[in-house]
file start22.txt (compact mmCIF, C-alpha atoms)
# COMPACT_ATOMS: atom_id res chain seq x y z
CA MET A 27 3.00 -18.82 0.33
CA SER A 28 -0.61 -18.30 -0.40
CA ASP A 29 -2.51 -15.76 1.51
CA ASP A 30 -6.15 -15.23 1.07
CA ALA A 31 -6.75 -11.61 1.68
CA LEU A 32 -9.55 -10.71 3.91
CA GLU A 33 -11.70 -9.49 1.14
CA GLY A 34 -15.14 -8.46 2.02
CA SER A 35 -17.71 -5.85 1.54
CA ASN A 36 -17.38 -2.95 3.84
CA GLU A 37 -20.75 -1.63 4.71
CA VAL A 38 -19.85 1.43 6.67
CA GLU A 39 -22.04 4.45 7.10
CA ASP A 40 -21.03 7.51 5.20
CA ASP A 41 -19.87 9.51 8.15
CA TYR A 42 -17.08 11.50 6.68
CA ASP A 43 -17.68 15.19 6.40
CA ASP A 44 -14.54 16.35 4.70
CA TYR A 45 -16.04 16.04 1.28
CA GLU A 46 -19.00 17.80 -0.18
CA ASP A 47 -22.13 15.86 0.39
CA GLU A 48 -22.92 14.88 -3.12
CA VAL A 49 -26.52 13.93 -3.37
CA GLY A 50 -28.01 12.64 -6.57
CA ALA A 51 -31.45 13.33 -7.96
CA GLU A 52 -33.00 10.39 -6.14
CA GLY A 53 -31.40 11.40 -2.88
CA ASN A 54 -28.69 8.75 -3.19
CA ARG A 55 -25.03 9.54 -2.99
CA ILE A 56 -23.56 10.01 -6.40
CA VAL A 57 -21.99 6.85 -7.74
CA GLY A 58 -18.25 6.83 -7.26
CA SER A 59 -18.06 9.53 -4.58
CA ARG A 60 -15.79 7.37 -2.45
CA ALA A 61 -13.50 6.64 -5.41
CA ARG A 62 -13.40 10.36 -6.09
CA ALA A 63 -12.61 11.20 -2.46
CA VAL A 64 -9.71 8.73 -2.56
CA VAL A 65 -8.23 10.02 -5.79
CA GLU A 66 -8.54 13.65 -4.66
CA HIS A 67 -6.93 12.99 -1.32
CA CYS A 68 -4.01 11.11 -2.90
CA ALA A 69 -3.47 13.62 -5.71
CA ARG A 70 -3.47 16.65 -3.39
CA ALA A 71 -0.96 15.04 -1.06
CA LEU A 72 1.37 13.99 -3.86
CA VAL A 73 1.82 17.36 -5.58
CA GLU A 74 3.44 20.69 -4.75
CA ASP A 75 0.33 22.59 -5.79
CA PRO A 76 -2.74 20.91 -4.22
CA ASP A 77 -5.02 23.73 -5.42
CA GLY A 78 -4.07 22.79 -8.96
CA ILE A 79 -5.79 19.43 -8.57
CA ASP A 80 -9.19 19.09 -10.14
CA VAL A 81 -11.05 15.86 -10.79
CA ASP A 82 -13.65 15.45 -13.52
CA VAL A 83 -16.07 12.64 -12.87
CA ARG A 84 -17.99 10.91 -15.63
CA GLU A 85 -20.35 8.06 -15.02
CA GLU A 86 -21.67 5.72 -17.65
CA GLN A 87 -23.68 2.64 -16.84
CA GLY A 88 -22.11 2.17 -13.46
CA HIS A 89 -18.59 2.77 -14.65
CA VAL A 90 -16.93 5.89 -13.29
CA THR A 91 -14.09 7.63 -15.09
CA LEU A 92 -12.03 10.02 -12.99
CA LEU A 93 -9.93 12.47 -14.96
CA VAL A 94 -7.30 14.19 -12.81
CA HIS A 95 -6.02 17.63 -13.79
CA ALA A 96 -2.81 18.86 -12.18
CA ALA A 97 -0.45 21.80 -12.57
CA PRO A 98 2.01 21.07 -15.41
CA GLY A 99 4.97 20.84 -13.01
CA ASP A 100 3.17 18.25 -10.90
CA MET A 101 2.39 15.67 -13.58
CA GLY A 102 5.58 13.74 -12.87
CA ARG A 103 4.84 13.56 -9.14
CA LEU A 104 1.40 12.19 -9.85
CA ILE A 105 2.63 9.56 -12.26
CA GLY A 106 5.90 8.59 -10.58
CA LYS A 107 8.85 6.71 -11.95
CA ARG A 108 7.71 4.14 -14.50
CA GLY A 109 4.14 5.03 -13.55
CA ARG A 110 4.43 3.43 -10.12
CA VAL A 111 2.57 6.15 -8.25
CA ILE A 112 -0.40 6.38 -10.61
CA GLN A 113 -0.66 2.57 -10.71
CA ALA A 114 -0.86 2.53 -6.92
CA VAL A 115 -3.50 5.29 -7.00
CA ARG A 116 -5.49 3.20 -9.50
CA GLN A 117 -5.37 0.18 -7.21
CA LEU A 118 -6.69 2.23 -4.28
CA VAL A 119 -9.43 3.74 -6.41
CA ARG A 120 -10.45 0.29 -7.69
CA ALA A 121 -10.79 -0.86 -4.09
CA ALA A 122 -12.77 2.22 -3.09
CA ALA A 123 -15.08 1.87 -6.11
CA ALA A 124 -15.63 -1.84 -5.49
CA SER A 125 -16.64 -1.07 -1.91
CA GLU A 126 -19.45 1.14 -3.19
CA GLY A 127 -20.49 -1.36 -5.84
CA THR A 128 -19.08 0.37 -8.88
CA ARG A 129 -16.01 0.32 -11.08
CA ALA A 130 -13.72 3.27 -11.61
CA THR A 131 -10.74 4.12 -13.78
CA VAL A 132 -8.31 6.97 -13.29
CA ASP A 133 -6.70 9.00 -16.05
CA VAL A 134 -4.36 11.95 -15.84
CA ALA A 135 -5.21 14.86 -18.15
CA ASP A 136 -2.45 15.94 -20.53
CA MET B 1 13.85 22.82 1.09
CA GLU B 2 15.64 21.23 4.04
CA ASP B 3 18.03 18.45 3.24
CA ASP B 4 17.24 16.38 6.30
CA VAL B 5 13.69 16.49 7.55
CA PRO B 6 13.48 14.91 11.06
CA VAL B 7 12.04 11.41 10.93
CA GLU B 8 9.35 12.50 13.42
CA ASP B 9 8.13 15.07 10.91
CA GLN B 10 8.06 12.41 8.21
CA ALA B 11 6.03 10.19 10.55
CA ALA B 12 3.62 13.10 11.12
CA ALA B 13 3.19 13.54 7.35
CA ALA B 14 2.50 9.80 6.99
CA GLN B 15 0.00 9.89 9.86
CA LYS B 16 -1.88 12.90 8.50
CA PHE B 17 -2.10 11.52 4.97
CA THR B 18 -3.12 8.01 6.02
CA THR B 19 -5.80 9.32 8.40
CA GLY B 20 -7.34 11.35 5.57
CA LEU B 21 -7.15 8.39 3.22
CA VAL B 22 -8.97 6.10 5.66
CA GLU B 23 -11.69 8.78 5.94
CA ALA B 24 -11.93 9.03 2.16
CA PHE B 25 -12.44 5.26 2.02
CA GLY B 26 -15.26 5.69 4.51
CA VAL B 27 -13.98 2.94 6.79
CA ALA B 28 -13.61 3.13 10.55
CA GLY B 29 -9.87 2.69 10.97
CA ARG B 30 -7.53 4.08 13.60
CA VAL B 31 -4.13 5.13 12.32
CA GLU B 32 -1.11 4.75 14.57
CA THR B 33 2.35 5.83 13.51
CA GLU B 34 5.61 5.27 15.31
CA VAL B 35 9.30 5.64 14.64
CA ARG B 36 11.56 2.67 15.29
CA GLU B 37 15.22 2.58 14.32
CA GLU B 38 14.83 5.63 12.07
CA ALA B 39 12.02 3.97 10.10
CA VAL B 40 8.37 5.04 10.05
CA PHE B 41 5.76 2.37 10.86
CA VAL B 42 2.13 3.10 10.08
CA ASP B 43 -0.51 0.64 11.29
CA ILE B 44 -4.20 0.94 10.56
CA ASN B 45 -6.46 -0.83 13.04
CA GLY B 46 -10.16 -1.44 13.21
CA GLU B 47 -12.94 -3.75 12.14
CA ASP B 48 -13.58 -4.83 8.56
CA LEU B 49 -10.44 -3.43 7.01
CA GLY B 50 -10.14 -6.18 4.39
CA LEU B 51 -10.90 -3.51 1.83
CA LEU B 52 -7.55 -1.87 2.60
CA VAL B 53 -5.67 -5.16 2.27
CA GLY B 54 -7.16 -6.40 -1.00
CA PRO B 55 -6.48 -9.58 -2.94
CA LYS B 56 -3.06 -10.94 -1.91
CA GLY B 57 -2.38 -7.66 -0.16
CA ALA B 58 -2.43 -5.71 -3.43
CA THR B 59 -4.32 -2.74 -2.00
CA LEU B 60 -2.04 -2.61 1.03
CA THR B 61 1.00 -2.65 -1.25
CA ALA B 62 -0.48 0.26 -3.22
CA LEU B 63 -1.30 2.11 -0.02
CA GLU B 64 2.30 1.75 1.15
CA GLU B 65 3.59 2.97 -2.21
CA ILE B 66 1.46 6.12 -1.95
CA VAL B 67 2.36 6.82 1.68
CA ARG B 68 6.04 6.52 0.70
CA ALA B 69 5.57 8.91 -2.21
CA VAL B 70 3.76 11.41 0.03
CA VAL B 71 6.50 11.24 2.67
CA GLN B 72 9.11 11.63 -0.04
CA ARG B 73 7.40 14.74 -1.36
CA SER B 74 7.21 16.17 2.16
CA THR B 75 10.99 15.84 2.55
CA GLY B 76 11.89 16.78 -1.00
CA GLY B 77 14.97 14.62 -0.73
CA HIS B 78 16.24 11.81 1.42
CA SER B 79 13.44 10.18 3.35
CA ALA B 80 13.10 7.44 5.93
CA ARG B 81 11.98 3.90 5.24
CA VAL B 82 8.21 3.67 5.54
CA HIS B 83 6.24 0.53 6.38
CA VAL B 84 2.46 0.33 6.32
CA ASP B 85 0.38 -2.46 7.82
CA VAL B 86 -3.32 -3.06 8.27
CA GLY B 87 -4.37 -4.79 11.47
CA GLY B 88 -1.02 -6.57 11.69
CA TYR B 89 -1.69 -8.37 8.37
CA ARG B 90 1.92 -8.12 7.19
CA GLN B 91 3.28 -8.91 10.62
CA ARG B 92 1.26 -12.15 10.83
CA ARG B 93 2.13 -13.07 7.25
CA TRP B 94 5.84 -12.54 7.92
CA GLU B 95 5.69 -14.60 11.08
CA ALA B 96 4.04 -17.43 9.12
CA LEU B 97 6.70 -17.09 6.42
CA ALA B 98 9.47 -17.22 9.02
CA ASP B 99 7.93 -20.38 10.53
CA PHE B 100 7.75 -21.94 7.09
CA ALA B 101 11.38 -21.04 6.31
CA ARG B 102 12.54 -22.39 9.67
CA ASN B 103 10.81 -25.75 9.05
CA LEU B 104 12.24 -26.00 5.56
CA ALA B 105 15.74 -25.17 6.83
CA GLU B 106 15.50 -27.94 9.43
CA GLN B 107 14.46 -30.33 6.67
CA VAL B 108 17.43 -29.28 4.50
CA LYS B 109 19.73 -29.78 7.46
CA ALA B 110 18.30 -33.23 8.22
CA GLU B 111 18.26 -34.48 4.63
CA GLY B 112 21.31 -32.67 3.27
CA VAL B 113 19.42 -31.73 0.11
CA GLU B 114 18.85 -28.15 -1.01
CA ARG B 115 15.34 -26.79 -1.38
CA ALA B 116 14.03 -23.83 -3.37
CA LEU B 117 11.15 -21.64 -2.24
CA GLU B 118 8.64 -20.17 -4.61
CA PRO B 119 9.41 -16.74 -6.13
CA MET B 120 8.91 -13.89 -3.64
CA SER B 121 9.18 -10.13 -3.37
CA PRO B 122 12.47 -8.68 -2.00
CA PRO B 123 11.05 -7.95 1.50
CA ASP B 124 9.67 -11.51 1.73
CA ARG B 125 13.03 -12.95 0.65
CA LYS B 126 14.73 -10.88 3.32
CA VAL B 127 12.50 -12.49 5.94
CA VAL B 128 13.64 -15.92 4.72
CA HIS B 129 17.34 -14.95 4.60
CA ASP B 130 17.22 -13.39 8.07
CA THR B 131 15.33 -16.32 9.59
CA VAL B 132 17.56 -19.02 8.12
CA ALA B 133 20.72 -17.05 9.01
CA GLU B 134 19.95 -17.82 12.66
CA ILE B 135 20.10 -21.56 12.01
CA GLU B 136 23.46 -23.30 11.92
CA GLY B 137 24.30 -25.79 9.19
CA VAL B 138 22.30 -24.12 6.43
CA ALA B 139 22.82 -21.14 4.11
CA THR B 140 20.61 -19.20 1.72
CA ALA B 141 21.07 -17.65 -1.69
CA SER B 142 18.74 -15.82 -4.06
CA VAL B 143 18.61 -17.20 -7.59
CA GLY B 144 16.86 -16.18 -10.82
CA GLU B 145 15.69 -12.83 -12.08
CA GLU B 146 12.84 -10.66 -10.86
CA PRO B 147 9.95 -11.25 -10.68
CA ARG B 148 10.83 -14.96 -10.54
CA ARG B 149 13.71 -14.51 -8.09
CA ARG B 150 13.57 -17.00 -5.25
CA VAL B 151 15.49 -18.19 -2.22
CA VAL B 152 17.35 -21.49 -2.13
CA ILE B 153 18.23 -23.07 1.21
CA ARG B 154 21.34 -25.25 1.10
CA PRO B 155 23.25 -27.38 3.53
CA ALA B 156 26.34 -25.45 4.66

call {"tool": "encode", "arguments": {"input": "start22.txt", "output": "structure tokens"}}
result
Amino acid sequence: MSDDALEGSNEVEDDYDDYEDEVGAEGNRIVGSRARAVVEHCARALVEDPDGIDVDVREEQGHVTLLVHAAPGDMGRLIGKRGRVIQAVRQLVRAAAASEGTRATVDVAD
Amino acid sequence: MEDDVPVEDQAAAAQKFTTGLVEAFGVAGRVETEVREEAVFVDINGEDLGLLVGPKGATLTALEEIVRAVVQRSTGGHSARVHVDVGGYRQRRWEALADFARNLAEQVKAEGVERALEPMSPPDRKVVHDTVAEIEGVATASVGEEPRRRVVIRPA
């Protein structure tokens, strides 16, 4: 059966305080902050050592690359069997990035 | 680590994670979690949550995958079945699928000719099997290989 998902832009005020308020030079929120918040939240919850999670953010011409560092013993948990977990994280991050008008990719550091 | 973590604790882990995730997305969603028949059901409700459903439910499927993985990590072993829905999206979709299957089954019964449905995911096929099982005079079978596996409804 076909099902058109209720896709739409979600213009919601930034009212979450759990993440550092990242303010860019022009006073705008840094591009990809929502994508970053999503990847950080997922990664920390998936591993045994949440403090070992660190996310490097690089932005080039509106494209955000999120590089996730994890403790060596946690890499498998982050990636999952046949990469299922990391693929799901990527889908969530794509959605989060799209909602703030950018594109983001997620990589796991070796 | 404990072998059997109570299902209520698993539900609490799902609730906590999902609430944080909704906040990270910056959307105004309310997360409700309940335990039914030893399974954890997480439903996210609110306005404008299409973002969490995504094209053909792809984002919702990913969300469910992550919630499952998080619950699994919290138990470290055997964990309960976990279902995630956004604003009843899956529920409505499954009801529509059940209606469709019921109509098709009645047609098969009336015409005596088998009909195949389009390929579906295992949980969707289960909805079809379970729905048609309640109707006398027809039977179902799954044919083909994933991801092209589909349900056939036959006269019985």

call {"tool": "atom_distance", "arguments": {"input": "start22.txt", "atom1": "atom CA of Leu104 of chain A", "atom2": "atom CA of Gly54 of chain B"}}
result
22.3 Å

call {"tool": "interface_residues", "arguments": {"input": "start22.txt", "of": "chain B", "to": "chain A", "cutoff": "7 Å", "atoms": "only C-alpha atoms", "output": "list in words"}}
result
Leu21, Glu23, Ala24, Phe25, Gly26, Val27, Asp48, Gly50, Leu51, Val53, Gly54, Pro55, Lys56, Gly57, Thr59, Ala62, Leu63, Glu65, Ile66, Ala69, Val70 and Arg73 of chain B

call {"tool": "atom_distance", "arguments": {"input": "start22.txt", "atom1": "atom CA of Arg81 of chain B", "atom2": "atom CA of Glu38 of chain B"}}
result
7.6 Å

call {"tool": "residues_near_point", "arguments": {"input": "start22.txt", "point": "(11.5, -15.4, 10.3)", "cutoff": "7 Å", "atoms": "only C-alpha atoms", "output": "list in words"}}
result
Trp94, Glu95, Leu97, Ala98, Asp99, Ala101, Val127, Val128, Asp130 and Thr131 of chain B

call {"tool": "atom_distance", "arguments": {"input": "start22.txt", "atom1": "atom CA of Met120 of chain B", "atom2": "atom CA of Arg68 of chain B"}}
result
21.1 Å

call {"tool": "closest_residue", "arguments": {"input": "start22.txt", "among": "B:Arg149, B:Lys16, B:Lys109, B:Arg102", "to": "Arg125 of chain B", "atoms": "all atoms listed in the file"}}
result
B:Arg149

call {"tool": "closest_residue", "arguments": {"input": "start22.txt", "among": "B:Ala105, B:Leu49, B:Val7, B:Ala110", "to": "Glu134 of chain B", "atoms": "only C-alpha atoms"}}
result
B:Ala105

call {"tool": "decode", "arguments": {"input": "start22.txt", "residues": "segment 90-119 of chain A", "atoms": "N, CA, C and O atoms", "output": "JSON list (two decimals), in the first residue's frame"}}
result
[["chain", "number", "residue", "atom", "x", "y", "z"],
["A", 90, "VAL", "N", 27.03, 19.46, 6.44],
["A", 90, "VAL", "CA", 27.65, 19.22, 7.74],
["A", 90, "VAL", "C", 28.14, 17.78, 7.82],
["A", 90, "VAL", "O", 27.40, 16.85, 7.48],
["A", 91, "THR", "N", 29.39, 17.62, 8.21],
["A", 91, "THR", "CA", 29.90, 16.27, 8.44],
["A", 91, "THR", "C", 30.11, 16.09, 9.94],
["A", 91, "THR", "O", 30.79, 16.89, 10.58],
["A", 92, "LEU", "N", 29.49, 15.04, 10.48],
["A", 92, "LEU", "CA", 29.59, 14.76, 11.91],
["A", 92, "LEU", "C", 30.45, 13.52, 12.08],
["A", 92, "LEU", "O", 30.08, 12.43, 11.61],
["A", 93, "LEU", "N", 31.59, 13.67, 12.74],
["A", 93, "LEU", "CA", 32.48, 12.55, 12.95],
["A", 93, "LEU", "C", 32.40, 12.14, 14.42],
["A", 93, "LEU", "O", 32.71, 12.91, 15.32],
["A", 94, "VAL", "N", 31.91, 10.91, 14.64],
["A", 94, "VAL", "CA", 31.68, 10.44, 16.01],
["A", 94, "VAL", "C", 32.87, 9.63, 16.51],
["A", 94, "VAL", "O", 33.28, 8.67, 15.86],
["A", 95, "HIS", "N", 33.41, 10.04, 17.64],
["A", 95, "HIS", "CA", 34.48, 9.28, 18.29],
["A", 95, "HIS", "C", 33.86, 8.53, 19.47],
["A", 95, "HIS", "O", 33.06, 9.10, 20.21],
["A", 96, "ALA", "N", 34.24, 7.26, 19.62],
["A", 96, "ALA", "CA", 33.74, 6.47, 20.74],
["A", 96, "ALA", "C", 34.87, 5.65, 21.31],
["A", 96, "ALA", "O", 35.89, 5.44, 20.65],
["A", 97, "ALA", "N", 34.69, 5.19, 22.56],
["A", 97, "ALA", "CA", 35.69, 4.30, 23.16],
["A", 97, "ALA", "C", 35.80, 3.06, 22.29],
["A", 97, "ALA", "O", 34.80, 2.61, 21.72],
["A", 98, "PRO", "N", 37.02, 2.49, 22.17],
["A", 98, "PRO", "CA", 37.23, 1.36, 21.26],
["A", 98, "PRO", "C", 36.22, 0.22, 21.48],
["A", 98, "PRO", "O", 35.71, -0.35, 20.51],
["A", 99, "GLY", "N", 35.89, -0.07, 22.73],
["A", 99, "GLY", "CA", 34.98, -1.17, 23.01],
["A", 99, "GLY", "C", 33.54, -0.88, 22.62],
["A", 99, "GLY", "O", 32.69, -1.77, 22.63],
["A", 100, "ASP", "N", 33.26, 0.37, 22.30],
["A", 100, "ASP", "CA", 31.87, 0.76, 22.00],
["A", 100, "ASP", "C", 31.57, 0.88, 20.51],
["A", 100, "ASP", "O", 30.43, 1.12, 20.13],
["A", 101, "MET", "N", 32.59, 0.72, 19.68],
["A", 101, "MET", "CA", 32.40, 0.90, 18.24],
["A", 101, "MET", "C", 31.31, -0.04, 17.71],
["A", 101, "MET", "O", 30.46, 0.37, 16.93],
["A", 102, "GLY", "N", 31.36, -1.28, 18.15],
["A", 102, "GLY", "CA", 30.39, -2.28, 17.68],
["A", 102, "GLY", "C", 28.97, -1.90, 18.03],
["A", 102, "GLY", "O", 28.05, -2.08, 17.23],
["A", 103, "ARG", "N", 28.78, -1.35, 19.26],
["A", 103, "ARG", "CA", 27.44, -0.95, 19.69],
["A", 103, "ARG", "C", 26.91, 0.19, 18.84],
["A", 103, "ARG", "O", 25.72, 0.28, 18.56],
["A", 104, "LEU", "N", 27.80, 1.05, 18.44],
["A", 104, "LEU", "CA", 27.42, 2.22, 17.65],
["A", 104, "LEU", "C", 27.06, 1.82, 16.21],
["A", 104, "LEU", "O", 26.17, 2.42, 15.60],
["A", 105, "ILE", "N", 27.75, 0.83, 15.73],
["A", 105, "ILE", "CA", 27.55, 0.42, 14.33],
["A", 105, "ILE", "C", 26.44, -0.62, 14.21],
["A", 105, "ILE", "O", 25.60, -0.54, 13.32],
["A", 106, "GLY", "N", 26.42, -1.57, 15.14],
["A", 106, "GLY", "CA", 25.37, -2.60, 15.12],
["A", 106, "GLY", "C", 25.64, -3.69, 14.11],
["A", 106, "GLY", "O", 26.52, -3.56, 13.27],
["A", 107, "LYS", "N", 24.86, -4.74, 14.22],
["A", 107, "LYS", "CA", 25.01, -5.87, 13.30],
["A", 107, "LYS", "C", 24.71, -5.43, 11.87],
["A", 107, "LYS", "O", 23.68, -4.83, 11.62],
["A", 108, "ARG", "N", 25.60, -5.74, 10.98],
["A", 108, "ARG", "CA", 25.49, -5.35, 9.57],
["A", 108, "ARG", "C", 25.21, -3.85, 9.40],
["A", 108, "ARG", "O", 24.55, -3.43, 8.46],
["A", 109, "GLY", "N", 25.71, -3.07, 10.38],
["A", 109, "GLY", "CA", 25.59, -1.62, 10.27],
["A", 109, "GLY", "C", 24.19, -1.07, 10.47],
["A", 109, "GLY", "O", 23.91, 0.09, 10.16],
["A", 110, "ARG", "N", 23.31, -1.89, 11.04],
["A", 110, "ARG", "CA", 21.91, -1.46, 11.16],
["A", 110, "ARG", "C", 21.74, -0.24, 12.05],
["A", 110, "ARG", "O", 20.94, 0.65, 11.75],
["A", 111, "VAL", "N", 22.48, -0.22, 13.16],
["A", 111, "VAL", "CA", 22.31, 0.88, 14.11],
["A", 111, "VAL", "C", 22.80, 2.19, 13.51],
["A", 111, "VAL", "O", 22.08, 3.20, 13.54],
["A", 112, "ILE", "N", 23.98, 2.17, 12.93],
["A", 112, "ILE", "CA", 24.52, 3.43, 12.38],
["A", 112, "ILE", "C", 23.67, 3.91, 11.20],
["A", 112, "ILE", "O", 23.48, 5.12, 11.01],
["A", 113, "GLN", "N", 23.12, 2.98, 10.43],
["A", 113, "GLN", "CA", 22.24, 3.39, 9.32],
["A", 113, "GLN", "C", 21.00, 4.09, 9.86],
["A", 113, "GLN", "O", 20.53, 5.08, 9.27],
["A", 114, "ALA", "N", 20.48, 3.58, 10.96],
["A", 114, "ALA", "CA", 19.29, 4.20, 11.56],
["A", 114, "ALA", "C", 19.65, 5.59, 12.11],
["A", 114, "ALA", "O", 18.89, 6.54, 11.96],
["A", 115, "VAL", "N", 20.84, 5.69, 12.74],
["A", 115, "VAL", "CA", 21.29, 6.99, 13.24],
["A", 115, "VAL", "C", 21.40, 7.98, 12.07],
["A", 115, "VAL", "O", 20.97, 9.13, 12.17],
["A", 116, "ARG", "N", 21.94, 7.51, 10.96],
["A", 116, "ARG", "CA", 22.09, 8.39, 9.78],
["A", 116, "ARG", "C", 20.74, 8.90, 9.29],
["A", 116, "ARG", "O", 20.61, 10.06, 8.90],
["A", 117, "GLN", "N", 19.75, 8.01, 9.29],
["A", 117, "GLN", "CA", 18.42, 8.42, 8.83],
["A", 117, "GLN", "C", 17.86, 9.51, 9.75],
["A", 117, "GLN", "O", 17.29, 10.50, 9.28],
["A", 118, "LEU", "N", 18.03, 9.33, 11.06],
["A", 118, "LEU", "CA", 17.52, 10.34, 12.01],
["A", 118, "LEU", "C", 18.25, 11.67, 11.82],
["A", 118, "LEU", "O", 17.63, 12.74, 11.87],
["A", 119, "VAL", "N", 19.55, 11.59, 11.61],
["A", 119, "VAL", "CA", 20.35, 12.81, 11.44],
["A", 119, "VAL", "C", 19.98, 13.52, 10.14],
["A", 119, "VAL", "O", 19.90, 14.74, 10.10]]
